[in-house]
Amino acid sequence: MDETEFRARFRERCHHTLEIQVYSNAYRSKSLRPDQDKTVQMFLEVWRMRNLPEDLPEFVYANTLLEMARTLIDGREVDLSPYRPQPVSSGELRAFERIVYERRSVREWTDEPVSDEVIKHVLKAGLWAAHACNLQSIRYLVVRESSAPGLFCGSDIPGGPVHIVVLQDMRVYRANPVMPQSNQLLDAGAAAQNLVLAAHAYGLGGCWLTFTSEEMKERIRREAGLPEHYRLTTYVDVGWPDQTPFPPQRLSVEEAVFKIL
């Protein structure tokens, strides 16, 4: 088993054998079975046998969960108050609503370059999207149009200054082979939604796009030298906007709700 699959299995097992149980029992002030942590302990032993760094996120998170588990096993209460989100102020709420409701697809761009720092902020937001079973399949291919002109030809807009391809490392799904493909696609969709919202928040224009053909995807794969285990799922073009489209209107909540039971 390669490192990528092992780490994915570690994340998935932490989630299903310890994380859910810890939070459920902590909420109900119940103790935990003495052997509830055995699976995570086994993975930690293998982690050390493989000499993997102990500052990687899944190792850090697993140890945090184990501390909570031991507290519950001892019959003590877990204090989750340090992790409680801070209340959102009215000003922050208005800002959030602006990002959601004023975001729109932009298809014309200025020549102003987008810095690596801004791109990194946008990419990080995509990684923090919800992801089934904490498998974390999302990877990126970032292509500046100036570096590979015409590589993305075939899309329905002029070549954006920066193309962010949402890749998925399909090796991680070996950790949960019964997961429906729809869940896999939703993982990528959640990441892409965070990307376009973050782009808008940082002042960029963004447009969520679709690969128009398998030939287009294979052309990009060849140019970037992507290995086969990376799936090109979707992509987002970003840049400094040179247009301000009228926001497309949406159905009302009343019209969209079929029924409330």
# chains A, B, ... in the order shown; residues from 1 in each chain; ligands from 1
$ select_by_dssp --residues "range 47-110 of chain A" --states "helix (DSSP H, G or I)" --output "count of residues only"
36
$ closest_atom_pairs --of "range 156-251 of chain A" --to "range 113-120 of chain A" --cutoff "9 Å" --atoms "only C-alpha atoms" --output "CSV"
residue,atom,partner,partner_atom,distance
A:Pro161,CA,A:Pro113,CA,7.7
A:Val162,CA,A:Val114,CA,7.8
A:Ala199,CA,A:Ile119,CA,8.3
A:Tyr202,CA,A:Val118,CA,7.3
A:Leu204,CA,A:Val114,CA,8.6
A:Val238,CA,A:Val114,CA,8.6
A:Gly239,CA,A:Val114,CA,6.3
A:Trp240,CA,A:Val114,CA,7.2
$ select_by_dssp --residues "range 134-168 of chain A" --states "strand (DSSP E)" --output "list in words"
Ile138, Arg139, Tyr140, Leu141, Val142, Val143, Arg144, Val162, His163, Ile164, Val165, Val166, Leu167 and Gln168 of chain A
$ closest_residue --among "A:Val165, A:Val100, A:Cys133, A:Leu226" --to "Asn183 in chain A" --atoms "only C-alpha atoms"
A:Cys133
$ closest_residue --among "A:Ser89, A:His229, A:Glu58, A:Arg70" --to "Arg174 in chain A" --atoms "only C-alpha atoms"
A:His229
$ closest_atom_pairs --of "range 130-204 of chain A" --to "range 208-220 of chain A" --cutoff "9 Å" --atoms "only C-alpha atoms" --output "tab-separated table"
residue	atom	partner	partner_atom	distance
A:Leu151	CA	A:Ile220	CA	6.6
A:Phe152	CA	A:Met216	CA	7.2
A:Cys153	CA	A:Met216	CA	7.9
A:Gly154	CA	A:Thr212	CA	6.5
A:Ser155	CA	A:Thr212	CA	6.5
A:Asp156	CA	A:Leu209	CA	8.1
A:Ile157	CA	A:Leu209	CA	9.0
A:Ala192	CA	A:Trp208	CA	7.4
A:Gln193	CA	A:Trp208	CA	8.3
A:Leu195	CA	A:Trp208	CA	8.9
A:Val196	CA	A:Trp208	CA	7.1
$ atom_distance --atom1 "CA of Glu108 in chain A" --atom2 "CA of Pro241 in chain A"
6.2 Å
$ closest_residue --among "A:Glu77, A:Glu54, A:Glu45, A:Asp2" --to "Lys30 in chain A" --atoms "only C-alpha atoms"
A:Glu77
$ residues_around --residues "range 61-69 of chain A" --least-positions-apart "6" --cutoff "8 Å" --atoms "only C-alpha atoms" --output "mmCIF file with N, CA and C atoms, in the first residue's frame"
data_model
loop_
_atom_site.group_PDB
_atom_site.id
_atom_site.type_symbol
_atom_site.label_atom_id
_atom_site.label_comp_id
_atom_site.auth_asym_id
_atom_site.auth_seq_id
_atom_site.Cartn_x
_atom_site.Cartn_y
_atom_site.Cartn_z
ATOM 1 N N CYS A 14 -9.955 6.795 11.418
ATOM 2 C CA CYS A 14 -10.091 7.734 12.535
ATOM 3 C C CYS A 14 -11.513 8.281 12.588
ATOM 4 N N LEU A 18 -13.467 6.330 15.651
ATOM 5 C CA LEU A 18 -13.166 7.083 16.871
ATOM 6 C C LEU A 18 -13.796 8.473 16.879
ATOM 7 N N GLU A 19 -13.659 9.225 15.821
ATOM 8 C CA GLU A 19 -14.154 10.605 15.829
ATOM 9 C C GLU A 19 -15.659 10.670 16.118
ATOM 10 N N VAL A 22 -16.396 9.530 19.729
ATOM 11 C CA VAL A 22 -15.942 10.476 20.751
ATOM 12 C C VAL A 22 -16.924 11.633 20.884
ATOM 13 N N LEU A 32 -16.577 5.914 27.203
ATOM 14 C CA LEU A 32 -16.276 5.215 25.953
ATOM 15 C C LEU A 32 -15.784 3.813 26.271
ATOM 16 N N GLN A 36 -12.193 1.197 22.368
ATOM 17 C CA GLN A 36 -12.685 1.974 21.225
ATOM 18 C C GLN A 36 -11.552 2.579 20.412
ATOM 19 N N ASP A 37 -10.410 2.774 21.045
ATOM 20 C CA ASP A 37 -9.303 3.441 20.349
ATOM 21 C C ASP A 37 -8.318 2.464 19.711
ATOM 22 N N VAL A 40 -7.272 3.044 15.900
ATOM 23 C CA VAL A 40 -6.407 4.209 15.698
ATOM 24 C C VAL A 40 -5.026 3.947 16.279
ATOM 25 N N VAL A 78 -15.139 15.558 28.422
ATOM 26 C CA VAL A 78 -14.260 16.225 27.458
ATOM 27 C C VAL A 78 -14.699 17.678 27.313
#
